[in-house]
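Student: Compact mmCIF, C-alpha atoms, file query_3.txt:
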```txt
# COMPACT_ATOMS: atom_id res chain seq x y z
CA MET A 1 27.49 194.99 90.97
CA ASP A 2 27.51 198.79 90.90
CA THR A 3 27.15 201.09 87.93
CA GLU A 4 30.90 201.66 87.60
CA GLN A 5 31.62 197.95 87.23
CA VAL A 6 28.90 197.56 84.62
CA ARG A 7 30.37 200.44 82.65
CA GLU A 8 33.87 198.90 82.81
CA MET A 9 32.59 195.51 81.61
CA THR A 10 30.70 197.16 78.77
CA ASP A 11 33.76 199.14 77.71
CA HIS A 12 35.88 195.98 77.81
CA ALA A 13 33.36 194.08 75.70
CA LEU A 14 33.27 196.90 73.16
CA GLN A 15 37.06 196.95 73.01
CA VAL A 16 37.20 193.19 72.44
CA ALA A 17 34.48 193.39 69.77
CA THR A 18 36.26 196.28 68.08
CA ALA A 19 39.55 194.38 68.14
CA TYR A 20 37.94 191.27 66.62
CA PHE A 21 36.15 193.33 63.99
CA THR A 22 39.34 195.18 63.14
CA GLU A 23 41.30 191.97 62.87
CA TYR A 24 38.75 189.62 61.28
CA GLY A 25 35.96 191.82 59.95
CA MET A 26 38.20 193.57 57.48
CA LYS A 27 39.59 190.22 56.37
CA ILE A 28 36.09 188.87 55.80
CA LEU A 29 35.13 192.01 53.92
CA ALA A 30 38.30 191.80 51.83
CA ALA A 31 37.66 188.10 51.09
CA ILE A 32 34.10 188.89 49.96
CA LEU A 33 35.39 191.70 47.74
CA ILE A 34 38.07 189.43 46.29
CA PHE A 35 35.47 186.78 45.48
CA PHE A 36 32.93 189.06 43.81
CA ILE A 37 35.48 191.21 41.97
CA GLY A 38 37.43 188.10 40.99
CA LYS A 39 34.27 186.48 39.66
CA LYS A 40 33.57 189.53 37.51
CA ILE A 41 37.14 189.42 36.20
CA VAL A 42 36.75 185.71 35.43
CA ASN A 43 33.54 186.40 33.49
CA PHE A 44 35.28 189.21 31.60
CA LEU A 45 38.35 187.11 30.75
CA THR A 46 36.31 184.11 29.63
CA SER A 47 34.18 186.36 27.42
CA MET A 48 37.38 187.79 25.92
CA VAL A 49 38.62 184.24 25.27
CA ASP A 50 35.29 183.38 23.61
CA LYS A 51 35.55 186.43 21.35
CA ALA A 52 39.16 185.66 20.48
CA LEU A 53 38.32 182.05 19.60
CA ALA A 54 35.31 183.16 17.55
CA LYS A 55 37.45 185.72 15.71
CA ALA A 56 40.05 183.02 15.01
CA GLY A 57 37.33 180.85 13.48
CA VAL A 58 37.51 178.13 16.13
CA ASP A 59 34.59 175.71 16.00
CA PRO A 60 31.78 176.60 18.50
CA THR A 61 32.02 173.07 19.90
CA ILE A 62 35.62 173.62 21.02
CA THR A 63 34.85 177.16 22.17
CA SER A 64 32.04 175.98 24.44
CA PHE A 65 34.16 173.22 25.96
CA LEU A 66 37.18 175.49 26.56
CA HIS A 67 34.90 178.13 28.09
CA ASN A 68 33.73 175.68 30.75
CA VAL A 69 37.24 174.41 31.54
CA ILE A 70 38.84 177.88 31.74
CA TYR A 71 35.98 179.33 33.78
CA SER A 72 36.12 176.49 36.33
CA ALA A 73 39.92 176.72 36.72
CA MET A 74 39.97 180.51 37.13
CA LEU A 75 37.05 180.51 39.57
CA ALA A 76 38.86 177.92 41.70
CA PHE A 77 41.89 180.25 41.80
CA VAL A 78 39.66 183.14 42.96
CA ILE A 79 38.17 181.02 45.73
CA LEU A 80 41.65 180.03 46.93
CA ALA A 81 42.71 183.72 46.95
CA ALA A 82 39.66 184.64 49.04
CA LEU A 83 40.38 181.83 51.50
CA SER A 84 44.00 182.96 51.74
CA LYS A 85 42.84 186.47 52.69
CA LEU A 86 40.93 184.96 55.61
CA GLY A 87 44.19 183.55 56.93
CA ILE A 88 43.54 179.98 55.82
CA GLN A 89 46.76 178.26 54.78
CA THR A 90 46.02 177.46 51.15
CA ALA A 91 49.05 175.17 50.82
CA SER A 92 47.72 172.83 53.46
CA PHE A 93 44.24 173.38 52.08
CA ILE A 94 45.42 172.28 48.61
CA ALA A 95 47.13 169.25 50.16
CA VAL A 96 43.91 168.31 51.92
CA LEU A 97 41.99 168.86 48.70
CA GLY A 98 44.47 166.64 46.87
CA ALA A 99 44.01 163.82 49.36
CA ALA A 100 40.26 164.31 49.35
CA GLY A 101 40.33 164.54 45.56
CA LEU A 102 41.87 161.09 45.33
CA ALA A 103 39.11 159.63 47.46
CA VAL A 104 36.44 161.58 45.62
CA GLY A 105 37.98 160.60 42.29
CA LEU A 106 37.63 156.92 43.16
CA ALA A 107 34.03 157.53 44.16
CA LEU A 108 33.29 159.60 41.06
CA GLN A 109 34.80 157.42 38.39
CA GLY A 110 31.70 157.96 36.30
CA SER A 111 32.17 161.73 36.35
CA LEU A 112 35.85 161.40 35.43
CA SER A 113 34.95 159.12 32.56
CA ASN A 114 32.40 161.72 31.43
CA PHE A 115 35.15 164.37 31.52
CA ALA A 116 37.52 162.15 29.53
CA ALA A 117 34.73 161.42 27.06
CA GLY A 118 34.10 165.16 26.69
CA VAL A 119 37.77 165.71 25.83
CA MET A 120 37.61 162.89 23.25
CA LEU A 121 34.46 164.35 21.68
CA VAL A 122 36.14 167.74 21.32
CA LEU A 123 39.36 166.27 19.92
CA PHE A 124 37.86 163.84 17.40
CA ARG A 125 34.74 165.94 16.66
CA PRO A 126 32.25 163.30 15.48
CA PHE A 127 29.71 166.13 15.65
CA LYS A 128 29.60 169.85 16.40
CA VAL A 129 27.17 172.32 17.91
CA GLY A 130 24.16 172.67 15.61
CA ASP A 131 24.32 169.12 14.21
CA TYR A 132 21.27 166.86 14.43
CA ILE A 133 22.46 163.49 15.71
CA GLU A 134 21.34 160.23 17.25
CA ALA A 135 23.53 159.23 20.20
CA GLY A 136 23.18 157.97 23.75
CA GLY A 137 19.59 156.90 23.08
CA VAL A 138 18.61 160.48 22.13
CA ALA A 139 17.91 162.22 18.83
CA GLY A 140 18.17 165.99 18.70
CA THR A 141 20.17 169.09 17.82
CA VAL A 142 23.41 169.56 19.76
CA GLU A 143 23.25 172.83 21.73
CA LYS A 144 26.25 172.56 24.08
CA ILE A 145 29.13 170.18 24.70
CA MET A 146 29.98 170.69 28.36
CA ILE A 147 32.66 169.23 30.63
CA PHE A 148 30.61 166.26 31.80
CA SER A 149 27.57 166.20 29.54
CA THR A 150 26.10 167.27 26.21
CA GLN A 151 22.89 169.26 25.87
CA PHE A 152 20.35 168.41 23.14
CA LYS A 153 17.20 170.09 21.89
CA THR A 154 14.61 167.73 20.44
CA PRO A 155 12.35 168.63 17.48
CA ASP A 156 9.47 169.17 19.94
CA ASN A 157 11.62 171.67 21.89
CA LYS A 158 12.61 169.49 24.84
CA ARG A 159 16.02 169.90 26.47
CA ILE A 160 17.86 166.65 27.19
CA ILE A 161 21.19 166.37 29.04
CA VAL A 162 23.18 163.21 28.21
CA PRO A 163 26.42 162.15 29.99
CA ASN A 164 29.37 162.31 27.59
CA SER A 165 30.42 158.72 28.32
CA ASN A 166 27.00 157.44 27.19
CA ILE A 167 27.51 159.22 23.86
CA LEU A 168 31.09 158.07 23.28
CA GLU A 169 30.47 154.44 24.24
CA GLY A 170 27.64 153.95 21.73
CA ASN A 171 27.00 154.52 18.05
CA ILE A 172 26.84 158.14 16.87
CA THR A 173 24.69 158.89 13.83
CA ASN A 174 25.31 162.40 12.52
CA ILE A 175 22.23 163.03 10.41
CA SER A 176 23.07 166.58 9.36
CA ALA A 177 26.80 166.09 8.71
CA ASN A 178 26.36 166.06 4.93
CA PRO A 179 24.64 168.84 2.97
CA ILE A 180 22.34 166.51 1.00
CA ARG A 181 20.39 163.40 1.98
CA ARG A 182 18.43 160.67 0.25
CA VAL A 183 14.67 160.45 0.78
CA ASP A 184 12.99 157.04 0.46
CA TRP A 185 9.39 155.87 0.02
CA THR A 186 7.87 152.41 -0.26
CA ILE A 187 4.58 152.53 -2.17
CA GLY A 188 2.41 149.47 -2.68
CA VAL A 189 0.03 149.16 -5.63
CA SER A 190 -2.41 146.46 -6.69
CA TYR A 191 -1.26 143.43 -8.68
CA ASN A 192 -3.75 144.56 -11.34
CA ALA A 193 -2.00 147.92 -11.74
CA ASP A 194 -0.10 148.82 -14.91
CA LEU A 195 3.50 149.01 -13.65
CA LYS A 196 4.67 151.26 -16.48
CA LYS A 197 1.84 153.72 -15.85
CA THR A 198 2.49 153.62 -12.11
CA ARG A 199 6.13 154.50 -12.68
CA GLU A 200 5.14 157.43 -14.91
CA VAL A 201 2.71 158.78 -12.29
CA LEU A 202 5.33 158.62 -9.53
CA GLN A 203 7.92 160.23 -11.80
CA SER A 204 5.60 163.11 -12.67
CA CYS A 205 5.10 163.84 -8.95
CA ILE A 206 8.84 163.93 -8.41
CA ASP A 207 9.46 166.20 -11.41
CA LYS A 208 7.06 168.84 -10.03
CA ARG A 209 8.93 169.26 -6.74
CA GLU A 210 11.64 171.94 -6.72
CA GLU A 211 13.21 170.45 -3.58
CA VAL A 212 14.30 167.35 -5.50
CA LEU A 213 17.90 167.66 -6.71
CA LYS A 214 17.60 166.87 -10.41
CA ASP A 215 21.36 166.35 -10.86
CA GLU A 216 21.43 163.51 -8.34
CA PRO A 217 20.39 159.92 -9.24
CA GLN A 218 16.75 158.93 -8.84
CA GLN A 219 15.23 155.47 -8.51
CA ILE A 220 11.71 154.20 -9.10
CA VAL A 221 11.94 150.41 -9.04
CA VAL A 222 9.87 147.40 -8.06
CA GLY A 223 11.31 146.47 -4.71
CA ALA A 224 9.18 143.48 -3.73
CA LEU A 225 6.24 141.33 -4.77
CA ALA A 226 4.55 141.35 -1.40
CA ASP A 227 1.55 139.35 -0.16
CA SER A 228 -1.08 141.88 -1.21
CA SER A 229 0.79 144.50 -3.23
CA VAL A 230 3.57 145.26 -5.66
CA ASN A 231 5.92 147.51 -3.71
CA PHE A 232 7.66 150.33 -5.55
CA ILE A 233 10.76 151.88 -3.98
CA VAL A 234 11.20 155.58 -4.73
CA ARG A 235 14.50 157.30 -3.95
CA VAL A 236 15.49 160.92 -4.56
CA TRP A 237 18.03 163.37 -3.12
CA ALA A 238 17.38 166.72 -1.45
CA ASN A 239 19.14 169.33 0.66
CA ALA A 240 19.25 168.33 4.33
CA GLY A 241 16.84 171.10 5.34
CA ASP A 242 14.24 170.02 2.74
CA VAL A 243 14.09 166.32 3.61
CA TRP A 244 11.04 166.22 5.88
CA PRO A 245 8.95 168.85 4.05
CA LEU A 246 9.59 166.97 0.80
CA PHE A 247 8.80 163.60 2.38
CA PHE A 248 5.45 164.71 3.79
CA ALA A 249 4.45 166.65 0.66
CA LEU A 250 5.13 163.77 -1.73
CA ASN A 251 3.36 161.31 0.55
CA GLU A 252 0.16 163.25 -0.10
CA GLU A 253 0.86 163.94 -3.79
CA PHE A 254 1.62 160.28 -4.55
CA LYS A 255 -1.75 159.24 -3.09
CA ILE A 256 -3.71 161.92 -4.96
CA ALA A 257 -1.96 161.21 -8.28
CA LEU A 258 -2.42 157.44 -8.03
CA ASP A 259 -6.12 157.88 -7.19
CA GLU A 260 -6.61 160.19 -10.19
CA ALA A 261 -4.88 157.64 -12.44
CA GLY A 262 -7.15 154.85 -11.17
CA ILE A 263 -4.27 152.93 -9.63
CA GLU A 264 -5.32 151.16 -6.46
CA ILE A 265 -3.23 151.23 -3.31
CA PRO A 266 -4.27 147.97 -1.64
CA PHE A 267 -4.53 147.29 2.06
CA PRO A 268 -4.39 143.94 3.90
CA GLN A 269 -7.66 142.02 3.61
CA MET A 270 -8.97 138.79 5.04
CA ASP A 271 -11.56 136.59 3.34
CA VAL A 272 -13.80 134.69 5.78
CA HIS A 273 -15.72 131.65 4.44
CA LEU A 274 -18.73 130.37 6.40
CA ASP A 275 -19.82 126.77 5.88
CA THR A 276 -23.35 125.67 6.81
CA VAL A 277 -23.55 122.96 9.44
CA ASN A 278 -26.25 120.27 9.57
CA VAL A 279 -27.56 120.56 13.13
CA LYS A 280 -29.32 117.16 13.00
CA ASN A 281 -26.13 115.36 12.06
CA VAL A 282 -24.18 117.15 14.77
CA SER A 283 -26.74 116.32 17.47
CA SER A 284 -26.86 112.68 16.45
```
Would you write out, as structure tokens, the structure that this file holds?
Tutor:
Amino acid sequence: MDTEQVREMTDHALQVATAYFTEYGMKILAAILIFFIGKKIVNFLTSMVDKALAKAGVDPTITSFLHNVIYSAMLAFVILAALSKLGIQTASFIAVLGAAGLAVGLALQGSLSNFAAGVMLVLFRPFKVGDYIEAGGVAGTVEKIMIFSTQFKTPDNKRIIVPNSNILEGNITNISANPIRRVDWTIGVSYNADLKKTREVLQSCIDKREEVLKDEPQQIVVGALADSSVNFIVRVWANAGDVWPLFFALNEEFKIALDEAGIEIPFPQMDVHLDTVNVKNVSS
């Protein structure tokens, strides 16, 4: 093969490569531009929707859920537009996706049930973002309600993701739904204790705490005559944010006040009696 033939083959290869690049390279470049620009537009539009919903006073729970749904739908449209620019027939592609979606839907019944559960949670709103709840075997503050799952933050700052169907199918305890909550203690004192004096000591501890809502009913009653103690039940009301600080503070103050008043807080005891054994009688 002489030099002239090599040159002709090289020129032909360059022409073919140039033709392919002109025909397909620009399409690929256009598809990439459509995807990245479209994604930026989707982010912009979803942020505008978020701002509009926030301005309208829509609950953050609904806003978060709608954000996920709208973002996913618009991004799917952008992907289809990019594929169309590459020359892929999107109509047939959508038909294939529909057929595949049916098969996938049967295989992903759990995910579809999670989606349906997410819609139900948003519609009926048993809780909202920021509430502290017990649901799906988890206790924590609701951070996000997403399409398929709900995100919690526990008091020790752990992030837990729970499928929506697990939440909807079980009991939901919304601990922070109401602005005030009742705080309970069970305090055992000795059977020798003066019950009237004990009640006065417990009441004085309660009266000193500003967190206790004085307008709400209070209870200091004998709840049970237990095996080794007389059990007082103490009940007061406080704002939801003051419940645990008040509970821990009065635990300590009750103990100190009862000790200063000479009132014993008993603890379970066991009396062991030893009988002497006559070794001679046993051996005989």
Student: For range 209-220 of chain A, work out the shell of residues within 6 Å, counting all atoms listed in the file and skipping chain neighbours fewer than 5 positions away, then give it as a PyMOL selection string.
Tutor: chain A and resi 233-238
Student: Provide the CA of Met74 in chain A to CA of Leu45 in chain A distance in Å, to one decimal place.
Tutor: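 Separation of CA of Met74 in chain A and CA of Leu45 in chain A: 9.3 Å.
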Student: What's the 9 Å shell around Glu134 in chain A, counting only C-alpha atoms, without same-chain residues fewer than 6 positions away, as a ChimeraX atom specification?
Tutor: /A:140-141,171-175
Student: Rank nothing, just name the residue among A:Ala116, A:Leu33, A:Lys128, A:Ile79 nearest to Val58 in chain A, using all atoms listed in the file.
Tutor: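 Of the candidates, the smallest distance to Val58 in chain A is held by A:Lys128.
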Student: Could you check the closest approach to Val201 in chain A for each of A:Thr150, A:Lys55, A:Leu250, A:Val162 and tell me which residue wins, using all atoms listed in the file?
Tutor: A:Leu250
Student: With only C-alpha atoms as the atoms that count, which of A:Leu66, A:Leu112, A:Asn178, A:Gln203 lies nearest to Lys144 in chain A?
Tutor: A:Leu66
Student: So which residues touch Asn164 in chain A within 12 Å, counting all atoms listed in the file, skipping near sequence neighbours fewer than 3 positions away, as a ChimeraX atom specification?
Tutor: /A:110-122,135-136,144-152,161,167-170,172
Student: Rounded to one decimal, what separation in Å do you get between CA of Tyr191 in chain A and CA of Leu246 in chain A?
Tutor: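 Straight-line distance from CA of Tyr191 in chain A to CA of Leu246 in chain A works out to 27.6 Å.
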Student: What is the CA of Pro155 in chain A-CA of Gly241 in chain A distance in Å, reported with one decimal?
Tutor: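 Separation between CA of Pro155 in chain A and CA of Gly241 in chain A: 13.2 Å.
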Student: Just checking: using all atoms listed in the file, which residue out of A:Gly57, A:Gly130, A:Gly262, A:Gly38 ends up closest to Tyr71 in chain A?
Tutor: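 Smallest distance to Tyr71 in chain A is found for A:Gly38.
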Student: Taking into account all atoms listed in the file, which residue in the set A:Lys51, A:Arg181, A:Lys27, A:Lys39 is nearest to Ser84 in chain A?
Tutor: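 Under the stated criterion, the closest residue is A:Lys27.
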Student: Restricting the calculation to all atoms listed in the file, which member of A:Met48, A:Ile41, A:Ala56, A:Leu123 is positioned closest to Phe77 in chain A?
Tutor: A:Ile41
Student: Leu53 in chain A: which residues within 12 Å, counting only C-alpha atoms, same-chain residues fewer than 5 positions away excluded, as a PyMOL selection string?
Tutor: chain A and resi 46-48+58-67
